[in-house]
>>> print(open('entry30.csv').read())   # CSV, C-alpha atoms
chain,number,residue,atom,x,y,z
A,1,MET,CA,-17.4,24.0,10.0
A,2,THR,CA,-14.4,24.6,12.3
A,3,ASP,CA,-11.9,27.5,12.5
A,4,THR,CA,-9.1,25.2,13.8
A,5,ARG,CA,-6.1,25.5,11.6
A,6,TYR,CA,-4.2,22.3,11.0
A,7,LEU,CA,-0.7,21.9,9.6
A,8,VAL,CA,-0.7,18.8,7.3
A,9,HIS,CA,2.1,16.3,7.9
A,10,GLY,CA,1.0,14.0,5.1
A,11,VAL,CA,-0.7,10.6,4.3
A,12,PHE,CA,0.5,7.7,6.4
A,13,TRP,CA,-0.2,4.0,6.1
A,14,PRO,CA,-0.3,1.8,9.2
A,15,ALA,CA,1.2,-1.7,9.3
A,16,PRO,CA,-1.2,-4.6,8.5
A,17,PRO,CA,-3.7,-5.8,9.5
A,18,ALA,CA,-4.9,-2.2,9.6
A,19,SER,CA,-5.8,-1.3,6.0
A,20,CYS,CA,-6.9,2.4,6.1
A,21,PRO,CA,-4.4,5.3,5.6
A,22,VAL,CA,-4.7,8.5,7.6
A,23,LEU,CA,-4.1,12.2,6.9
A,24,ARG,CA,-2.0,13.4,9.9
A,25,LEU,CA,-2.8,16.9,11.1
A,26,GLN,CA,-1.0,19.1,13.6
A,27,ALA,CA,-3.2,21.3,15.7
A,28,PRO,CA,-2.0,24.8,16.9
A,29,ASP,CA,-1.3,23.3,20.4
A,30,GLY,CA,1.1,20.7,19.0
A,31,THR,CA,-1.3,17.8,19.3
A,32,PHE,CA,-2.1,15.5,16.4
A,33,ARG,CA,-5.3,14.4,14.8
A,34,GLU,CA,-5.6,11.6,12.2
A,35,LEU,CA,-8.4,11.5,9.6
A,36,ALA,CA,-9.2,8.1,8.2
A,37,LEU,CA,-9.0,8.0,4.4
A,38,ASP,CA,-11.2,5.0,3.9
A,39,GLY,CA,-13.4,4.2,1.0
A,40,GLY,CA,-16.7,6.2,1.2
A,41,ALA,CA,-15.3,8.8,3.6
A,42,ARG,CA,-15.8,12.4,2.7
A,43,LEU,CA,-13.0,14.9,3.0
A,44,GLY,CA,-13.7,18.7,3.0
A,45,PHE,CA,-11.2,21.5,3.6
A,46,ARG,CA,-10.0,24.9,2.6
A,47,LEU,CA,-6.5,26.3,2.5
A,48,ALA,CA,-6.1,28.7,5.4
A,49,ALA,CA,-2.7,30.2,4.8
A,50,GLU,CA,-0.3,30.8,2.0
A,51,GLY,CA,3.0,28.9,1.5
A,52,LYS,CA,4.4,25.9,3.4
A,53,SER,CA,5.5,25.6,7.0
A,54,CYS,CA,8.2,23.4,8.5
A,55,LEU,CA,7.2,20.0,10.0
A,56,GLY,CA,10.1,19.8,12.5
A,57,HIS,CA,12.8,17.1,12.7
A,58,HIS,CA,13.5,13.7,14.2
A,59,ARG,CA,15.9,12.5,16.8
A,60,VAL,CA,16.5,8.7,16.4
A,61,HIS,CA,17.2,6.5,19.4
A,62,GLY,CA,16.9,3.0,17.9
A,63,PRO,CA,15.1,0.8,15.3
A,64,ASP,CA,11.6,1.6,16.8
A,65,HIS,CA,12.3,4.6,18.9
A,66,ARG,CA,12.4,8.2,17.7
A,67,ASP,CA,11.3,11.6,18.9
A,68,HIS,CA,9.5,14.0,16.5
A,69,VAL,CA,10.5,17.5,17.5
A,70,LEU,CA,8.1,20.2,16.2
A,71,CYS,CA,9.4,23.4,14.7
A,72,ALA,CA,9.4,25.9,17.5
A,73,GLY,CA,8.2,28.8,15.3
A,74,GLN,CA,6.6,26.9,12.4
A,75,SER,CA,9.1,28.6,10.2
A,76,PRO,CA,8.6,28.6,6.4
A,77,ALA,CA,9.7,25.3,4.8
A,78,ALA,CA,12.9,26.1,2.9
A,79,ARG,CA,14.3,22.5,2.2
A,80,GLY,CA,11.5,20.2,1.2
A,81,HIS,CA,9.3,20.0,4.4
A,82,GLN,CA,11.7,21.6,6.7
A,83,CYS,CA,13.2,25.0,7.6
A,84,GLU,CA,17.0,25.3,7.5
A,85,ARG,CA,17.4,24.8,11.2
A,86,CYS,CA,15.3,21.7,11.4
A,87,PHE,CA,17.0,20.2,8.3
A,88,VAL,CA,20.4,20.5,10.0
A,89,ALA,CA,19.1,19.0,13.3
A,90,ASP,CA,17.3,16.0,11.6
A,91,ASP,CA,19.1,12.7,12.2
A,92,PHE,CA,17.5,11.1,9.2
A,93,ARG,CA,19.3,13.4,6.7
A,94,LEU,CA,22.6,11.7,7.6
A,95,MET,CA,21.5,8.2,6.6
A,96,HIS,CA,21.9,8.7,2.9
A,97,ASP,CA,25.7,8.9,3.2
A,98,PHE,CA,26.0,6.2,5.9
A,99,HIS,CA,27.2,3.5,3.4
A,100,ARG,CA,30.0,5.9,2.3
A,101,ASP,CA,31.4,7.3,5.5
A,102,GLY,CA,29.5,5.6,8.4
A,103,ARG,CA,29.4,8.8,10.4
A,104,VAL,CA,26.0,8.9,12.1
A,105,PRO,CA,24.8,9.4,15.7
A,106,PRO,CA,24.5,6.3,17.9
A,107,GLY,CA,20.7,6.1,17.7
A,108,LEU,CA,20.6,6.4,14.0
A,109,HIS,CA,23.4,3.8,13.8
A,110,SER,CA,21.2,1.4,15.8
A,111,TYR,CA,18.3,2.1,13.4
A,112,LEU,CA,20.5,1.5,10.3
A,113,MET,CA,22.0,-1.7,11.6
A,114,GLN,CA,18.6,-3.5,11.6
A,115,PRO,CA,17.8,-5.8,8.5
A,116,HIS,CA,16.7,-3.9,5.4
A,117,TRP,CA,15.1,-4.9,2.2
A,118,LEU,CA,15.9,-3.9,-1.4
A,119,TYR,CA,12.8,-3.7,-3.7
A,120,VAL,CA,11.9,-2.9,-7.2
A,121,ALA,CA,8.6,-0.9,-7.5
A,122,THR,CA,6.6,-0.1,-10.7
A,123,PHE,CA,4.0,2.6,-10.9
A,124,ALA,CA,0.8,3.1,-13.0
A,125,ALA,CA,2.4,4.0,-16.3
A,126,GLY,CA,5.4,1.6,-16.0
A,127,ALA,CA,8.0,3.9,-14.4
A,128,THR,CA,10.1,1.6,-12.2
A,129,LYS,CA,12.6,2.4,-9.4
A,130,VAL,CA,14.8,0.6,-7.0
A,131,GLY,CA,14.5,1.4,-3.3
A,132,THR,CA,15.1,0.3,0.3
A,133,ALA,CA,12.9,-0.3,3.3
A,134,SER,CA,13.8,-1.0,6.9
A,135,ASP,CA,12.6,-4.3,8.3
A,136,LEU,CA,10.1,-2.5,10.5
A,137,ARG,CA,8.6,-0.6,7.6
A,138,LYS,CA,8.9,-3.2,4.9
A,139,TRP,CA,5.3,-3.1,3.8
A,140,GLN,CA,4.4,0.6,4.6
A,141,ARG,CA,7.3,2.0,2.6
A,142,LEU,CA,5.8,0.7,-0.6
A,143,ALA,CA,2.2,1.5,0.4
A,144,GLU,CA,3.1,5.1,1.1
A,145,GLN,CA,4.9,5.5,-2.2
A,146,GLY,CA,1.9,4.4,-4.2
A,147,ALA,CA,3.4,1.4,-6.0
A,148,VAL,CA,1.1,-0.6,-8.2
A,149,VAL,CA,3.4,-3.7,-8.4
A,150,ALA,CA,6.6,-4.4,-6.4
A,151,ARG,CA,8.9,-7.2,-5.5
A,152,TYR,CA,11.6,-7.5,-2.9
A,153,VAL,CA,14.9,-8.7,-4.4
A,154,ALA,CA,17.2,-8.8,-1.4
A,155,ARG,CA,17.2,-8.9,2.4
A,156,THR,CA,20.4,-7.4,3.9
A,157,ALA,CA,22.0,-7.6,7.3
A,158,ASP,CA,21.9,-3.8,7.7
A,159,GLY,CA,21.2,-0.4,6.1
A,160,ARG,CA,24.8,0.0,4.8
A,161,VAL,CA,24.7,-3.1,2.6
A,162,VAL,CA,21.3,-2.3,1.2
A,163,ARG,CA,22.4,1.1,0.0
A,164,LEU,CA,25.5,-0.3,-1.6
A,165,LEU,CA,23.2,-2.7,-3.5
A,166,GLU,CA,20.8,0.1,-4.4
A,167,ASP,CA,23.6,2.1,-5.9
A,168,LEU,CA,24.7,-0.9,-7.9
A,169,VAL,CA,21.3,-1.6,-9.4
A,170,THR,CA,21.1,2.1,-10.4
A,171,ARG,CA,24.6,2.1,-11.9
A,172,ASP,CA,24.5,-1.4,-13.6
A,173,GLY,CA,20.8,-2.1,-14.0
A,174,GLY,CA,19.7,1.4,-15.0
A,175,LEU,CA,16.9,1.8,-12.5
A,176,PRO,CA,16.5,5.2,-10.9
A,177,GLN,CA,16.0,5.7,-7.1
A,178,GLN,CA,13.1,8.2,-7.4
A,179,VAL,CA,9.9,8.7,-9.4
A,180,ARG,CA,8.4,12.1,-9.1
A,181,SER,CA,5.0,12.5,-7.4
A,182,ALA,CA,3.6,14.4,-10.3
A,183,ALA,CA,4.5,11.6,-12.7
A,184,LYS,CA,2.8,9.0,-10.4
A,185,ALA,CA,-0.4,11.1,-10.3
A,186,ALA,CA,-0.5,11.6,-14.0
A,187,ALA,CA,0.0,7.9,-14.5
A,188,LEU,CA,-2.9,7.0,-12.3
A,189,ALA,CA,-5.2,9.1,-14.6
A,190,THR,CA,-4.5,6.5,-17.3
A,191,PRO,CA,-3.0,3.4,-15.7
A,192,ALA,CA,-1.6,0.6,-17.8
A,193,SER,CA,-2.9,-2.9,-17.7
A,194,ALA,CA,-2.2,-5.0,-14.6
A,195,SER,CA,-0.7,-7.8,-16.7
A,196,TRP,CA,1.8,-5.5,-18.5
A,197,LEU,CA,2.8,-3.8,-15.2
A,198,THR,CA,3.4,-7.2,-13.5
A,199,GLU,CA,5.5,-8.4,-16.4
A,200,ARG,CA,7.5,-5.1,-16.5
A,201,ASN,CA,8.2,-5.3,-12.8
A,202,ALA,CA,9.2,-8.9,-12.9
A,203,ALA,CA,11.7,-8.2,-15.7
A,204,HIS,CA,13.3,-5.3,-13.8
A,205,ALA,CA,13.4,-7.4,-10.6
A,206,THR,CA,15.2,-10.2,-12.5
A,207,THR,CA,17.8,-7.7,-13.8
A,208,ALA,CA,18.3,-6.3,-10.3
A,209,ARG,CA,18.8,-9.8,-8.8
A,210,GLN,CA,21.4,-10.5,-11.5
A,211,VAL,CA,23.3,-7.3,-10.8
A,212,ILE,CA,23.5,-7.9,-7.0
A,213,SER,CA,24.3,-11.6,-7.4
A,214,ALA,CA,27.4,-10.6,-9.4
A,215,ALA,CA,28.4,-7.8,-6.9
A,216,GLY,CA,30.8,-9.8,-4.8
A,217,LEU,CA,29.4,-8.3,-1.6
A,218,ASP,CA,28.6,-10.1,1.7
A,219,GLY,CA,25.8,-9.4,4.1
A,220,PHE,CA,22.7,-10.2,2.0
A,221,GLU,CA,20.6,-12.9,0.5
A,222,VAL,CA,18.8,-12.7,-2.8
A,223,VAL,CA,15.1,-13.1,-2.5
A,224,ASP,CA,12.0,-13.2,-4.8
A,225,GLU,CA,9.1,-12.1,-2.8
A,226,GLY,CA,6.0,-10.2,-4.0
A,227,TRP,CA,4.6,-7.1,-2.2
A,228,ASN,CA,0.9,-7.3,-1.3
A,229,ARG,CA,-0.8,-4.1,-2.5
A,230,PRO,CA,-3.5,-2.8,-0.1
A,231,GLY,CA,-7.1,-3.7,-1.2
A,232,LEU,CA,-8.1,0.0,-0.9
A,233,ALA,CA,-5.8,0.8,-3.8
A,234,GLN,CA,-7.5,-1.7,-6.2
A,235,ARG,CA,-9.9,0.7,-8.0
A,236,LEU,CA,-7.4,3.5,-8.3
A,237,CYS,CA,-4.9,1.1,-9.9
A,238,SER,CA,-7.4,-0.3,-12.3
A,239,GLY,CA,-8.5,1.1,-15.7
A,240,THR,CA,-11.8,2.7,-14.7
A,241,ALA,CA,-12.7,6.0,-16.3
A,242,ARG,CA,-11.2,9.0,-14.4
A,243,HIS,CA,-9.6,12.4,-14.9
A,244,ALA,CA,-6.8,14.4,-13.4
A,245,TYR,CA,-8.0,16.7,-10.6
A,246,PRO,CA,-8.3,20.1,-12.3
A,247,HIS,CA,-7.7,22.3,-9.2
A,248,THR,CA,-4.5,23.2,-7.3
A,249,LEU,CA,-4.4,22.2,-3.6
A,250,ALA,CA,-2.3,25.3,-2.9
A,251,SER,CA,-5.4,27.5,-2.5
A,252,GLY,CA,-9.2,27.5,-2.4
A,253,GLN,CA,-11.7,25.0,-1.0
A,254,HIS,CA,-12.1,21.4,-1.8
A,255,GLY,CA,-14.4,18.5,-0.9
A,256,PHE,CA,-15.0,15.0,-2.3
A,257,THR,CA,-15.8,11.4,-1.4
A,258,ILE,CA,-13.0,9.0,-1.4
A,259,ARG,CA,-13.4,5.9,-3.5
A,260,SER,CA,-9.9,4.4,-3.5
A,261,VAL,CA,-6.4,5.3,-2.1
A,262,ALA,CA,-2.9,4.4,-3.2
A,263,GLY,CA,0.0,6.1,-1.5
A,264,SER,CA,-1.0,9.8,-1.1
A,265,PHE,CA,-3.3,9.6,-4.2
A,266,VAL,CA,-7.1,9.2,-3.9
A,267,LEU,CA,-9.7,8.5,-6.5
A,268,ALA,CA,-12.3,11.1,-5.6
A,269,ALA,CA,-16.0,11.6,-6.5
A,270,LEU,CA,-17.1,15.2,-6.5
A,271,ASP,CA,-20.5,16.3,-5.3
A,272,ASP,CA,-23.2,16.4,-7.9
A,273,ALA,CA,-21.0,14.7,-10.5
A,274,ASP,CA,-20.7,11.2,-11.9
A,275,LEU,CA,-17.0,11.6,-12.7
A,276,GLU,CA,-14.0,10.5,-10.7
A,277,PHE,CA,-10.7,12.4,-10.3
A,278,VAL,CA,-7.2,11.5,-9.2
A,279,VAL,CA,-6.2,13.9,-6.3
A,280,ASP,CA,-2.7,14.0,-4.9
A,281,LEU,CA,-3.1,14.7,-1.2
A,282,GLY,CA,0.7,14.8,-0.9
A,283,GLN,CA,0.4,18.3,-2.3
A,284,LEU,CA,-1.1,19.3,1.1
A,285,LYS,CA,2.0,18.4,3.0
A,286,CYS,CA,3.4,21.4,4.9
A,287,ARG,CA,0.2,23.4,4.1
A,288,THR,CA,-2.3,24.8,6.6
A,289,ILE,CA,-6.0,23.8,6.2
A,290,GLU,CA,-9.3,24.2,8.0
A,291,LEU,CA,-11.7,21.2,7.9
A,292,GLY,CA,-15.4,21.6,7.0
A,293,GLN,CA,-18.3,20.9,4.7
A,294,TYR,CA,-16.5,22.3,1.7
A,295,SER,CA,-16.9,21.1,-1.9
A,296,SER,CA,-14.8,21.2,-5.0
A,297,THR,CA,-16.0,23.1,-8.0
A,298,VAL,CA,-17.2,20.6,-10.6
A,299,PRO,CA,-15.3,21.3,-13.9
A,300,ALA,CA,-17.1,21.6,-17.2
A,301,VAL,CA,-15.9,18.3,-18.6
A,302,GLN,CA,-16.4,18.2,-22.4
A,303,GLU,CA,-16.6,15.2,-24.6
A,304,ALA,CA,-13.0,15.9,-25.8
A,305,LEU,CA,-11.8,14.8,-22.3
A,306,PHE,CA,-13.3,11.3,-22.7
>>> encode(input="entry30.csv", output="structure tokens")
Amino acid sequence: MTDTRYLVHGVFWPAPPASCPVLRLQAPDGTFRELALDGGARLGFRLAAEGKSCLGHHRVHGPDHRDHVLCAGQSPAARGHQCERCFVADDFRLMHDFHRDGRVPPGLHSYLMQPHWLYVATFAAGATKVGTASDLRKWQRLAEQGAVVARYVARTADGRVVRLLEDLVTRDGGLPQQVRSAAKAAALATPASASWLTERNAAHATTARQVISAAGLDGFEVVDEGWNRPGLAQRLCSGTARHAYPHTLASGQHGFTIRSVAGSFVLAALDDADLEFVVDLGQLKCRTIELGQYSSTVPAVQEALF
């Protein structure tokens, strides 16, 4: 056991060839620790404080250079994962309107002027979205979202063009730009067949390419390129028997062995149980935990759940 309290910053996937995601933790002295979430690893923790705390903000200096500025007082998170002050100071909040008004700081402008990719991603029950990724985070963006199947449909000269195309696919192709985390988790409890998801993704990708091809815009090329899902996600994205995790991650103690990971979602085996459960570690973001040899309570699973 340890009495060190860590602020959880979330689950992050490194670029290939690394294949193991990490849970990033901020220690009280501002240093960071990363826990590998590999298959067979055990994760035990307890919630050490109520509510959520701010994760700070970013200053962007270029495509691959940014500073993460920690919240001075670890204020309560008021806007997503930030306090009001850090939200206003965050350079990245400005990028969502860049394609409309172009008004961003020089560092963020440099970041946004790198090539970007437009993709169509499908999740475990068939929900599909259109999204964008910078050239440097082309693969990780989809890995961290927990996509089951995805295709890139365009490569653009910069971040302005890709967001114009994204809005067009939403308006004319009917694809949303967001799928809720809770919906992704619920879908992974009963994932659809791989063949059906692949066909559904391909159909939506074809529609997206048709929409952008007729857009009359410059600065991009239409592509048809598949995304390679991480091998560690295979079991979670398959149809093996599993259940939704029955406990909230907002309180209590939890502990399990990781079998598979997709995005922030893990397929977990509880101690002294043959059952597997889908756990969304994204629910820990902004929460404070202590690590240790903790265990999740095994639920009384009745025949009706099978």
>>> closest_residue(input="entry30.csv", among="A:Ala48, A:Ala15, A:Leu108, A:Val222", to="Leu291 (chain A)", atoms="only C-alpha atoms")
A:Ala48
>>> closest_atom_pairs(input="entry30.csv", of="region 266-306 of chain A", to="region 255-259 of chain A", cutoff="9 Å", atoms="all atoms listed in the file", output="tab-separated table")
residue	atom	partner	partner_atom	distance
A:Val266	CA	A:Ile258	CA	6.4
A:Leu267	CA	A:Arg259	CA	5.4
A:Ala268	CA	A:Ile258	CA	4.7
A:Ala269	CA	A:Thr257	CA	5.1
A:Leu270	CA	A:Phe256	CA	4.7
A:Asp271	CA	A:Phe256	CA	6.4
A:Glu276	CA	A:Arg259	CA	8.6
A:Gly292	CA	A:Gly255	CA	8.5
A:Gln293	CA	A:Gly255	CA	7.2
A:Tyr294	CA	A:Gly255	CA	5.1
A:Ser295	CA	A:Gly255	CA	3.7
A:Ser296	CA	A:Gly255	CA	4.9
A:Thr297	CA	A:Gly255	CA	8.6
>>> residues_around(input="entry30.csv", residues="region 33-42 of chain A", least_positions_apart="6", cutoff="9 Å", atoms="only C-alpha atoms", output="count of residues only")
20
>>> residues_around(input="entry30.csv", residues="Ala154 (chain A)", least_positions_apart="5", cutoff="12 Å", atoms="only C-alpha atoms", output="MDAnalysis selection string")
chainID A and resid 115:120 130:135 138 159 161:166 169 205:206 208:213 218:226
>>> closest_residue(input="entry30.csv", among="A:Thr128, A:Gln283, A:Thr31, A:Ser53", to="Ala202 (chain A)", atoms="only C-alpha atoms")
A:Thr128
>>> atom_distance(input="entry30.csv", atom1="CA of Gln74 (chain A)", atom2="CA of Cys286 (chain A)")
9.8 Å
>>> atom_distance(input="entry30.csv", atom1="CA of Val104 (chain A)", atom2="CA of Asp91 (chain A)")
7.9 Å
>>> closest_residue(input="entry30.csv", among="A:Gln114, A:Gln234, A:Thr207, A:Gln253", to="Asp158 (chain A)", atoms="only C-alpha atoms")
A:Gln114
>>> residues_around(input="entry30.csv", residues="Ala189 (chain A)", least_positions_apart="3", cutoff="7 Å", atoms="all atoms listed in the file", output="list in words")
Ala185, Ala186, Arg242, His243, Ala244 and Val278 of chain A
>>> closest_residue(input="entry30.csv", among="A:Leu7, A:Leu175, A:Val279, A:Met113", to="Leu47 (chain A)", atoms="all atoms listed in the file")
A:Leu7
>>> decode(input="entry30.csv", residues="region 87-170 of chain A", atoms="C-alpha atoms", output="JSON list (two decimals), in the first residue's frame")
[["chain", "number", "residue", "atom", "x", "y", "z"],
["A", 87, "PHE", "CA", -9.77, 26.92, -19.44],
["A", 88, "VAL", "CA", -9.33, 30.56, -20.46],
["A", 89, "ALA", "CA", -5.51, 30.20, -20.52],
["A", 90, "ASP", "CA", -5.49, 27.00, -22.64],
["A", 91, "ASP", "CA", -4.29, 27.51, -26.21],
["A", 92, "PHE", "CA", -6.04, 24.38, -27.48],
["A", 93, "ARG", "CA", -9.52, 25.73, -26.73],
["A", 94, "LEU", "CA", -9.04, 28.21, -29.58],
["A", 95, "MET", "CA", -8.42, 25.65, -32.30],
["A", 96, "HIS", "CA", -12.08, 24.70, -32.71],
["A", 97, "ASP", "CA", -12.90, 28.07, -34.28],
["A", 98, "PHE", "CA", -9.67, 28.42, -36.24],
["A", 99, "HIS", "CA", -11.33, 27.49, -39.54],
["A", 100, "ARG", "CA", -13.91, 30.24, -38.99],
["A", 101, "ASP", "CA", -11.87, 33.24, -37.84],
["A", 102, "GLY", "CA", -8.21, 32.17, -37.95],
["A", 103, "ARG", "CA", -7.43, 34.01, -34.71],
["A", 104, "VAL", "CA", -5.01, 31.89, -32.71],
["A", 105, "PRO", "CA", -1.61, 32.51, -31.03],
["A", 106, "PRO", "CA", 1.49, 31.99, -33.24],
["A", 107, "GLY", "CA", 2.46, 28.68, -31.61],
["A", 108, "LEU", "CA", -0.98, 27.18, -32.07],
["A", 109, "HIS", "CA", -1.07, 28.55, -35.61],
["A", 110, "SER", "CA", 2.15, 26.62, -36.35],
["A", 111, "TYR", "CA", 0.60, 23.48, -34.86],
["A", 112, "LEU", "CA", -2.57, 23.84, -36.91],
["A", 113, "MET", "CA", -0.73, 24.48, -40.17],
["A", 114, "GLN", "CA", 0.78, 20.98, -40.20],
["A", 115, "PRO", "CA", -0.95, 18.31, -42.33],
["A", 116, "HIS", "CA", -4.08, 16.79, -40.80],
["A", 117, "TRP", "CA", -6.20, 13.72, -41.48],
["A", 118, "LEU", "CA", -9.97, 13.32, -41.71],
["A", 119, "TYR", "CA", -11.21, 9.95, -40.50],
["A", 120, "VAL", "CA", -14.42, 7.98, -40.04],
["A", 121, "ALA", "CA", -14.47, 5.86, -36.86],
["A", 122, "THR", "CA", -16.95, 3.16, -35.84],
["A", 123, "PHE", "CA", -17.41, 1.91, -32.29],
["A", 124, "ALA", "CA", -18.51, -1.42, -30.85],
["A", 125, "ALA", "CA", -22.28, -1.15, -31.41],
["A", 126, "GLY", "CA", -22.02, 0.63, -34.78],
["A", 127, "ALA", "CA", -22.10, 4.29, -33.70],
["A", 128, "THR", "CA", -19.95, 6.16, -36.20],
["A", 129, "LYS", "CA", -18.38, 9.62, -36.18],
["A", 130, "VAL", "CA", -16.20, 11.85, -38.33],
["A", 131, "GLY", "CA", -13.10, 13.35, -36.76],
["A", 132, "THR", "CA", -9.69, 14.90, -37.32],
["A", 133, "ALA", "CA", -6.12, 14.09, -36.28],
["A", 134, "SER", "CA", -2.88, 15.99, -36.68],
["A", 135, "ASP", "CA", -0.17, 14.32, -38.72],
["A", 136, "LEU", "CA", 1.90, 13.70, -35.58],
["A", 137, "ARG", "CA", -0.99, 11.98, -33.76],
["A", 138, "LYS", "CA", -2.58, 10.24, -36.72],
["A", 139, "TRP", "CA", -2.63, 6.78, -35.10],
["A", 140, "GLN", "CA", -2.90, 7.70, -31.39],
["A", 141, "ARG", "CA", -5.98, 9.86, -31.87],
["A", 142, "LEU", "CA", -8.04, 6.84, -32.87],
["A", 143, "ALA", "CA", -6.39, 4.52, -30.36],
["A", 144, "GLU", "CA", -7.24, 6.85, -27.47],
["A", 145, "GLN", "CA", -10.86, 7.18, -28.62],
["A", 146, "GLY", "CA", -11.42, 3.43, -28.50],
["A", 147, "ALA", "CA", -12.39, 2.97, -32.14],
["A", 148, "VAL", "CA", -13.07, -0.59, -33.26],
["A", 149, "VAL", "CA", -12.81, 0.11, -37.00],
["A", 150, "ALA", "CA", -11.69, 3.31, -38.73],
["A", 151, "ARG", "CA", -10.60, 4.65, -42.09],
["A", 152, "TYR", "CA", -8.86, 7.85, -43.12],
["A", 153, "VAL", "CA", -10.76, 9.58, -45.92],
["A", 154, "ALA", "CA", -8.67, 12.70, -46.56],
["A", 155, "ARG", "CA", -5.23, 14.18, -45.96],
["A", 156, "THR", "CA", -5.27, 17.97, -45.78],
["A", 157, "ALA", "CA", -2.58, 20.63, -46.02],
["A", 158, "ASP", "CA", -3.51, 22.10, -42.64],
["A", 159, "GLY", "CA", -5.93, 22.12, -39.72],
["A", 160, "ARG", "CA", -8.19, 24.78, -41.25],
["A", 161, "VAL", "CA", -9.09, 22.70, -44.29],
["A", 162, "VAL", "CA", -9.64, 19.52, -42.29],
["A", 163, "ARG", "CA", -12.19, 21.22, -40.04],
["A", 164, "LEU", "CA", -14.04, 22.63, -43.01],
["A", 165, "LEU", "CA", -14.28, 19.10, -44.40],
["A", 166, "GLU", "CA", -15.34, 17.71, -41.03],
["A", 167, "ASP", "CA", -18.23, 20.18, -40.84],
["A", 168, "LEU", "CA", -19.27, 19.29, -44.39],
["A", 169, "VAL", "CA", -19.40, 15.56, -43.61],
["A", 170, "THR", "CA", -21.53, 16.31, -40.57]]
